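Asks: Here it is, the structure in full.
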Amino acid sequence: MATTKKPTRSRKAKKTTPTFKQKLLTLSYKLFFAMIVLFGIALVFVDIHIRQQFEGKRWAVPAKVYARPLELYAGLPLSLDDLKIELRGLGYQFVSKVTQPGQAEFSTTKSIIYSRGFNFPDGNEHAQQLVLDFSNDQLTNISTYQGNPIPLVRLEPILIGGIYPLNNEDRDLIQLQDAPQGLLDALIAIEDRDYYEHIGISPKGIARAMWINIKAGSFVQGGSTLTQQLIKNFYLNSDRNLARKLMEIPMAMLLELHYSKDEILEAYLNEIYVGQEGARAIHGFGLASNYYFAQPIQELKLHQVALLAGLVKGPSYYDPRRNPERSKRRRDLVLKALNEQNSITDAQYKQAIAMPLGIVKRASLLKGAYPAYLDLVKRQLRETYRDQDLNSEGLRVFTSLNPIAQNKAEAALVHTISKLEKRHGNKIKELQGSMVVTDPQTGEVIAIVGGRQTRYQGFNRALDAVRPIGSLVKPAVYLTAIEQGYTLISEVDDSPYTLTMQDGQVWSPENFEHQSHGMVPLHQAITHSYNLATARLGMDLGLDKVINTLQRLGVTRPMNAFPSLLLGAQGLSPMEVATMYQTIAANGFQMPLRSIRMVTDNAGQELSSYPFQLKQTVSSNSIHLLQYMMQETARSGTARSIYQHLPANINAAGKTGTSDQQRDSWFAGFTGNRLAIVWLGQDDNASLPLTGASGALQAWISYMGTETLEPFVAASPEGIEYLWIDQQSGQLSAEHCTGAQQIPFLLGTGPTLAVDCVGQYNDPVSQSINWVKQLFR
Amino acid sequence: MKLTTNTYRIAILSIALAMAGCSSTLVVPTEDRNNTSPRVEQTKPVVNDRAIAIPLPEETVNQSQQSTAPLTTESNAISVPISPSVIEPAQQNTAVIALLNEANNYSRQGDLRSAQTSLQRAQRIAPRDPQVYYALANTHLTLQDYVLAEQVALKGVSIVQGQPDQLNQFWNLIAFIREAAGNTSGAKQARETASRY
């Protein structure tokens, strides 16, 4: 053996060589020591991790997107019904007597609102009772409950959506003091009775849970403490395995070691999973309150908080929308536990279990209700912010969406589409449509409808359906003509026209009704949307000039200088059309259409604002003449059905558009306070039995008919003079002469010769009959 | 003669309305296309059967306008558009006055961003109020954003057509902005325009 060869070493070895048992023991010690060290290191790491997570940013909080707040002031055009739309969106309860924030009462001409208050970036609005008086769809007076007049107050804005991270977790953070005491009592009663006594784990709780479960013969109570549940939700994945369970215990104890019970409870309130809506996971009681009751958590009653506390055990199993009876049994069990622990009296208990669940329908939740608008907001945000900032930093995004206008636009579009489908039967397979509504004065986008399924998040036709605009292009042609020296009565040729292009192709446009009209005054050619006159005029002016005008009106898409451009072969999205018509409505000032007013961080500090910007690109004189022709289109041209339905004094201006082979039906028009673009068509690009006037215009009228409109005021600029013109000869006439029409001219460009007044100036009877006839046209 | 015409009109209109069994009040639009000084018009909100009400000025005051006056036509030309040469100023809304004051306070404290926020809030309430644009242009001027300052002032010009005092103020402001921006000839031009009012 080795011992004989190397005696010295052998002696040493003899002295120290352990037996197998000793070896094993030593190894065990070493291993044990190593495990202790490793466990200690792991614990230190876990501890660091827990503390970092807990103290740092604990949650990825999605950006919150808000609608515009409703500004209330005497003189505001607002009907009681409009106010109700707004308050429903805010989840107000309509009661006979308001007693707390989030309630409203109504009489025929009055409303009392108990507002909730809101922390706006530019100041706080506190919760208060507001007395509102209405008359003729106008808010005439606003005062406090004590009768003191209030010049201006903002309601809280409706939350319309969030921008979620990849895991689709959504939550509204709350602080412990926001949570009703009833909710805390209920959670502790049903989930963890010893919460304020234990050290993170509760052997007593486990024993009690086992006993209760045996007694009940089913699994009614779990033994995990709230702390353990938080650890599960907060740090660990959802796998149920022993290692996870083993990690849970030291982690829960560590958490308890570092943080107070209240801190842990607050984290629990915000972290816990309480429901699922499609891909969106509902976390925390702040959001749960909105998701199930459409109310802020502070306003919840006992029976409501008991339901939420009961949900924790199984949000899907106890889903009050899918399993209302099961959910009610669970709620009542929570209430019973509260009663048994003397947190509520017998009377409170009886009253609460008699209450219905009170869950709102999903349709009444406005979060996610306006996907097309939110889509625009997200696109504009992504120009400035990274995705991870948007879905984790809790940013607040204040938009200009007007929920009242949005509701009306959706209703008008959907209603018109169904009506048209009914009327035309199987000539239309599946009519689609979209709409963009802006404030023509400020350039704010106030409503967007992306398709007839208004809550569908898919294809956003308002932004992405690029379709030939047909005659909507004509204002650009006629504006170019005005700038090139044409007057409104310059004669243009509406006779058959054929153009042979360089490549030998022949272009032979036709008028819609396949008739030509010979020489016609410029204004008539656009108001009746004559194609032949427009094609000739456009070619005379030059395609590059017309394209330049379109660009000055705000079209940025590259355009091909084909002659067919003059009749609207160019495709644009409704949003691009809105940009173009916005410049016309705003007297030649081009302004970027804005959907976002301001972005702030979660503390309300401004990060970006989107100020009112504008640039005059068309002279106010030229635009005035164009506006006149577009008003005439509405009075007596292709859009004259407007005044069969809307009041005579709104002075609407607009243009119908029908694309080649009637594949697209368009209308673009504005009043003083609303610009709306409507597109109707089919996704497969099939022909329609509709024109711009018989399709899109009808949806436009339907929408405008529900809005509180202000007239369009086309103030005549200094360089413009109005002259009475004899329509037949184009010469000067006078006010009371037959066939005289008052037409605007750039100063000094009007006719100088006058015709004899052929009129019935001396025949007041027939003149008056004509006048009455005209009134009812 | 005009009196006679109107008498006939009224008579025929009354008959027509009676025959139609119409009991509602029809507000006949009236229009003034004469380039004269601002009218003083006693008006009430226009209410039609669709219950659309437009607030009208009770009196002509030399204040900025909150809402637009309704435009109506009296002649036989209802089938043609309506364009006034003059828009009367309307009484200013107390909400707008409050916001203008707020903006003014912010400006005085040097907080021009907050002033702009208040002014844009005022603009949404009264987008045809020239004072809003005047104050907004001023904030851009102070921030040395001359291009935007001039554009906002030009927007002001476009809504005060027919109001010489206001036009004078806006063109003087534009002259000042152009001067600050180093556009001497433009400033001179604006001053000349201002002097015409």
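Labels used: A, B, ... for chains in the order of the structure tokens, numbers from 1 for residues in each chain, and numbers from 1 for ligands as shown.
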Need to verify the contact set: Leu78 (chain A), 6 Å, only C-alpha atoms, exclusion of same-chain residues closer than 4 positions in sequence. Can you return it as a list in words?
Replies: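 The neighbour list is Asp137, Gln138 and Leu139 of chain A.
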Asks: Emit the selected residues as an mmCIF file, in the first residue's frame, including all heavy atoms.
Replies:
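Contents of the output file part.cif:
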data_model
loop_
_atom_site.group_PDB
_atom_site.id
_atom_site.type_symbol
_atom_site.label_atom_id
_atom_site.label_comp_id
_atom_site.auth_asym_id
_atom_site.auth_seq_id
_atom_site.Cartn_x
_atom_site.Cartn_y
_atom_site.Cartn_z
ATOM 1 N N ASP A 137 -81.895 74.834 -24.692
ATOM 2 C CA ASP A 137 -80.625 74.139 -24.951
ATOM 3 C C ASP A 137 -79.405 75.015 -24.690
ATOM 4 O O ASP A 137 -78.413 74.967 -25.402
ATOM 5 C CB ASP A 137 -80.574 73.621 -26.396
ATOM 6 C CG ASP A 137 -81.548 72.490 -26.592
ATOM 7 O OD1 ASP A 137 -82.061 71.980 -25.574
ATOM 8 O OD2 ASP A 137 -81.806 72.125 -27.738
ATOM 9 N N GLN A 138 -79.542 75.832 -23.687
ATOM 10 C CA GLN A 138 -78.403 76.668 -23.300
ATOM 11 C C GLN A 138 -78.301 76.680 -21.781
ATOM 12 O O GLN A 138 -79.324 76.714 -21.095
ATOM 13 C CB GLN A 138 -78.606 78.085 -23.829
ATOM 14 C CG GLN A 138 -77.350 78.909 -23.756
ATOM 15 C CD GLN A 138 -77.570 80.321 -24.271
ATOM 16 O OE1 GLN A 138 -78.543 80.962 -23.892
ATOM 17 N NE2 GLN A 138 -76.670 80.789 -25.110
ATOM 18 N N LEU A 139 -77.081 76.622 -21.294
ATOM 19 C CA LEU A 139 -76.870 76.760 -19.859
ATOM 20 C C LEU A 139 -76.926 78.254 -19.560
ATOM 21 O O LEU A 139 -76.078 79.012 -20.016
ATOM 22 C CB LEU A 139 -75.500 76.172 -19.487
ATOM 23 C CG LEU A 139 -75.048 76.302 -18.038
ATOM 24 C CD1 LEU A 139 -76.024 75.644 -17.090
ATOM 25 C CD2 LEU A 139 -73.662 75.685 -17.873
#
Asks: Would you kindly return, as a list of chain:residue names, each protein, DNA or RNA residue with an atom no farther than 10 Å from any atom of Pro751 (chain A), considering only C-alpha atoms and excluding same-chain residues fewer than 3 positions away?
Replies: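 Answer for this query is A:Thr487, A:Ile489, A:Leu723, A:Ile725, A:Gly730, A:Gln731, A:Leu732, A:Ser733, A:Phe745, A:Gly748, A:Ala754.
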Asks: Provide as a PyMOL selection string the residues of chain A at most 8 Å from chain B, counting only C-alpha atoms.
Replies: chain A and resi 73-75+77+122+136-138+151-152+441-442+587+589+611-616+620+628-629+631-632+635-636+646-651+705+708-711+713-718+722+741-742+764-765+767-772+774-775
Asks: Give me, as a PyMOL selection string, all polymer residues having an atom no more than 10 Å from Ala447 (chain A), counting only C-alpha atoms and skipping those fewer than 2 positions away in the same chain.
Replies: chain A and resi 370+372-373+400-410+435-439+444-445+449-450+595+676
Asks: Determine which residues of region 109-156 of chain B DSSP labels as helix (DSSP H, G or I) from the backbone of this structure, then write them out as a VMD selection string.
Replies: chain B and resid 112 to 125 130 to 142 146 to 156
Asks: Write out as an NGL selection string all residues of region 126-293 of chain A that DSSP puts in strand (DSSP E or B) for this structure's backbone.
Replies: :A and (129-135 or 138-144 or 149 or 153-154 or 159-163 or 169-170 or 273-277 or 280-283)
Asks: Restrict the selected residues to N, CA and C atoms and save them as a compact mmCIF listing (two decimals), in the first residue's frame.
Replies:
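Written file, again10.txt:
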# COMPACT_ATOMS: atom_id res chain seq x y z
N GLN A 129 -71.18 71.29 -5.05
CA GLN A 129 -72.52 71.19 -5.62
C GLN A 129 -72.73 72.36 -6.56
N LEU A 130 -73.16 72.07 -7.77
CA LEU A 130 -73.39 73.11 -8.77
C LEU A 130 -74.86 73.11 -9.17
N VAL A 131 -75.43 74.29 -9.19
CA VAL A 131 -76.83 74.40 -9.61
C VAL A 131 -76.84 74.99 -11.02
N LEU A 132 -77.37 74.25 -11.97
CA LEU A 132 -77.34 74.67 -13.37
C LEU A 132 -78.76 74.92 -13.87
N ASP A 133 -78.96 76.08 -14.48
CA ASP A 133 -80.26 76.39 -15.07
C ASP A 133 -80.15 76.35 -16.59
N PHE A 134 -81.16 75.77 -17.21
CA PHE A 134 -81.15 75.63 -18.66
C PHE A 134 -82.36 76.32 -19.28
N SER A 135 -82.15 76.81 -20.48
CA SER A 135 -83.26 77.35 -21.24
C SER A 135 -82.91 77.22 -22.72
N GLN A 138 -79.54 75.83 -23.69
CA GLN A 138 -78.40 76.67 -23.30
C GLN A 138 -78.30 76.68 -21.78
N LEU A 139 -77.08 76.62 -21.29
CA LEU A 139 -76.87 76.76 -19.86
C LEU A 139 -76.93 78.25 -19.56
N THR A 140 -77.96 78.66 -18.84
CA THR A 140 -78.17 80.11 -18.67
C THR A 140 -77.56 80.64 -17.37
N ASN A 141 -77.43 79.77 -16.40
CA ASN A 141 -76.92 80.25 -15.12
C ASN A 141 -76.24 79.12 -14.38
N ILE A 142 -75.20 79.46 -13.67
CA ILE A 142 -74.53 78.44 -12.87
C ILE A 142 -74.13 79.06 -11.54
N SER A 143 -74.50 78.36 -10.47
CA SER A 143 -74.21 78.92 -9.16
C SER A 143 -73.91 77.81 -8.16
N THR A 144 -73.40 78.23 -7.01
CA THR A 144 -73.16 77.25 -5.95
C THR A 144 -74.50 76.90 -5.32
N PRO A 149 -73.07 83.07 -7.78
CA PRO A 149 -72.79 82.76 -9.18
C PRO A 149 -71.35 82.27 -9.39
N VAL A 153 -66.49 76.74 -14.42
CA VAL A 153 -66.05 75.57 -13.66
C VAL A 153 -65.88 74.40 -14.62
N ARG A 154 -64.93 73.53 -14.32
CA ARG A 154 -64.70 72.36 -15.16
C ARG A 154 -65.15 71.11 -14.44
N LEU A 159 -62.25 59.44 -18.42
CA LEU A 159 -61.08 58.61 -18.77
C LEU A 159 -61.47 57.75 -19.96
N ILE A 160 -60.79 57.94 -21.09
CA ILE A 160 -61.23 57.21 -22.29
C ILE A 160 -60.31 56.06 -22.67
N GLY A 161 -59.19 55.91 -21.99
CA GLY A 161 -58.36 54.76 -22.34
C GLY A 161 -56.99 54.83 -21.71
N GLY A 162 -56.25 53.79 -21.95
CA GLY A 162 -54.90 53.71 -21.43
C GLY A 162 -53.99 53.15 -22.49
N ILE A 163 -52.70 53.27 -22.25
CA ILE A 163 -51.74 52.69 -23.19
C ILE A 163 -50.98 51.62 -22.41
N GLU A 169 -51.31 44.63 -18.43
CA GLU A 169 -51.81 44.92 -17.09
C GLU A 169 -52.30 46.37 -17.04
N ASP A 170 -53.48 46.52 -16.51
CA ASP A 170 -54.00 47.89 -16.38
C ASP A 170 -54.38 48.12 -14.93
N TYR A 273 -54.88 40.93 -8.63
CA TYR A 273 -55.58 40.70 -9.91
C TYR A 273 -57.07 40.50 -9.65
N VAL A 274 -57.92 41.25 -10.31
CA VAL A 274 -59.35 41.18 -10.00
C VAL A 274 -60.25 41.04 -11.22
N GLY A 275 -59.68 40.79 -12.37
CA GLY A 275 -60.59 40.59 -13.51
C GLY A 275 -59.86 40.64 -14.83
N GLN A 276 -60.58 40.30 -15.86
CA GLN A 276 -59.99 40.21 -17.19
C GLN A 276 -60.99 40.72 -18.21
N GLU A 277 -60.55 41.58 -19.08
CA GLU A 277 -61.42 42.01 -20.18
C GLU A 277 -60.63 41.79 -21.47
N ARG A 280 -56.88 42.48 -21.68
CA ARG A 280 -56.52 43.45 -20.64
C ARG A 280 -56.77 42.86 -19.26
N ALA A 281 -55.71 42.83 -18.46
CA ALA A 281 -55.83 42.30 -17.11
C ALA A 281 -56.13 43.43 -16.14
N ILE A 282 -57.18 43.27 -15.36
CA ILE A 282 -57.58 44.32 -14.43
C ILE A 282 -56.88 44.07 -13.10
N HIS A 283 -56.04 45.00 -12.69
CA HIS A 283 -55.30 44.87 -11.44
C HIS A 283 -55.68 46.00 -10.49
